[in-house]
Amino acid sequence: MRSSNSLDQLIEALRCLPGVGPKSAQRMAFHLLQHDRRGAGRLAQGLDAALQRLRHCTRCNSFTEAEICERCLSARRDPALLCIVEMPVDLNSMEQTQAYNGLYYVLMGRLSPLDGVGPKELAFERLLARASDGVVREVILATNFTNEGEATAHYLSELLHARGLKVSRIARGLPVGGELEFCDAATVAQALRERRDFS
C-alpha cells in the first residue's frame, strides 16, 4: 500500500485524465515538479478558478460563467436551428467550420448502456423541453459516428419526430482533399449513399 504523501496524491489526481495511466501520471508529476513549477501553479489556479466559476448554461448545457452563455444570447444566431452535439469539444469543432449559425445543445455524453449511461443520465427530458420551446423548427443531430453516437441519434430522432419537429443528421463521406484509394470501403459506401445533385 502506497503512503498518501503529496507526491502520491498528485500522481493519483493526474490519473483521472483520460488516457493517463500510472506511468504517464508519474512522468507528468515529476515534470511539473522538477521542470515547470510555475506551469504547475498556473494549472492549479486554472483548475480552481474553473471549478469555482464554471457551470452549465441553462439553455445549451455547455460550460459558462453566467446562467446563459453568450452564444445562446446572441441575436446573430438563428433560434429556429438547434444542433445537438455530444461534448463541448464537438461544439467547438462545429463552430470552427463557420458554416452553422444556429444554436446548440450539448448532451455531455452519449447513450452507452454497458457503461450505465441512459436517457436519464443525459437528461433527455431537459433537451426535449428545450427543443419543444415553440421556436425551434429543425434539430440537427451531430453526434459522432460511433455505435453509441449512432444509437443516440436514432433514439433522439424518434423522440423529436414524435413532437412534430423536423430532424436532420449531419452527413458522412469523404474528407475534403481525400483520395478514394486511401479511404476505407465503409466511408466510400456512405459517401455514395449520401450523394447529391451536382450542378
# chains A, B, ... in the order shown; residues from 1 in each chain; ligands from 1

call {"tool": "closest_atom_pairs", "arguments": {"of": "segment 98-196 of chain A", "to": "segment 50-70 of chain A", "cutoff": "8 Å", "atoms": "only C-alpha atoms", "output": "Markdown table"}}
result
| residue | atom | partner | partner_atom | distance |
| --- | --- | --- | --- | --- |
| A:Leu103 | CA | A:Cys60 | CA | 7.7 |
| A:Tyr104 | CA | A:Cys60 | CA | 5.6 |
| A:Tyr105 | CA | A:Cys60 | CA | 4.2 |
| A:Val106 | CA | A:Asn61 | CA | 5.4 |
| A:Leu107 | CA | A:Asn61 | CA | 7.2 |
| A:Met108 | CA | A:Asn61 | CA | 7.8 |
| A:Arg130 | CA | A:Arg59 | CA | 7.0 |

call {"tool": "select_by_dssp", "arguments": {"residues": "segment 59-155 of chain A", "states": "helix (DSSP H, G or I)", "output": "number ranges by chain"}}
result
A: 70-73, 88-96, 113-115, 124-131, 147-155

call {"tool": "select_by_dssp", "arguments": {"residues": "segment 79-192 of chain A", "states": "strand (DSSP E or B)", "output": "VMD selection string"}}
result
chain A and resid 79 to 85 102 to 106 112 117 138 to 141 166 to 169

call {"tool": "atom_distance", "arguments": {"atom1": "atom CA of Gly102 of chain A", "atom2": "atom CA of Asp78 of chain A"}}
result
4.5 Å

call {"tool": "closest_residue", "arguments": {"among": "A:Gly41, A:Gly109, A:Gly19, A:Gly118", "to": "Ile84 of chain A", "atoms": "only C-alpha atoms"}}
result
A:Gly109

call {"tool": "atom_distance", "arguments": {"atom1": "atom CA of Glu121 of chain A", "atom2": "atom CA of Asp133 of chain A"}}
result
21.7 Å

call {"tool": "atom_distance", "arguments": {"atom1": "atom CA of Ala131 of chain A", "atom2": "atom CA of Leu165 of chain A"}}
result
8.2 Å
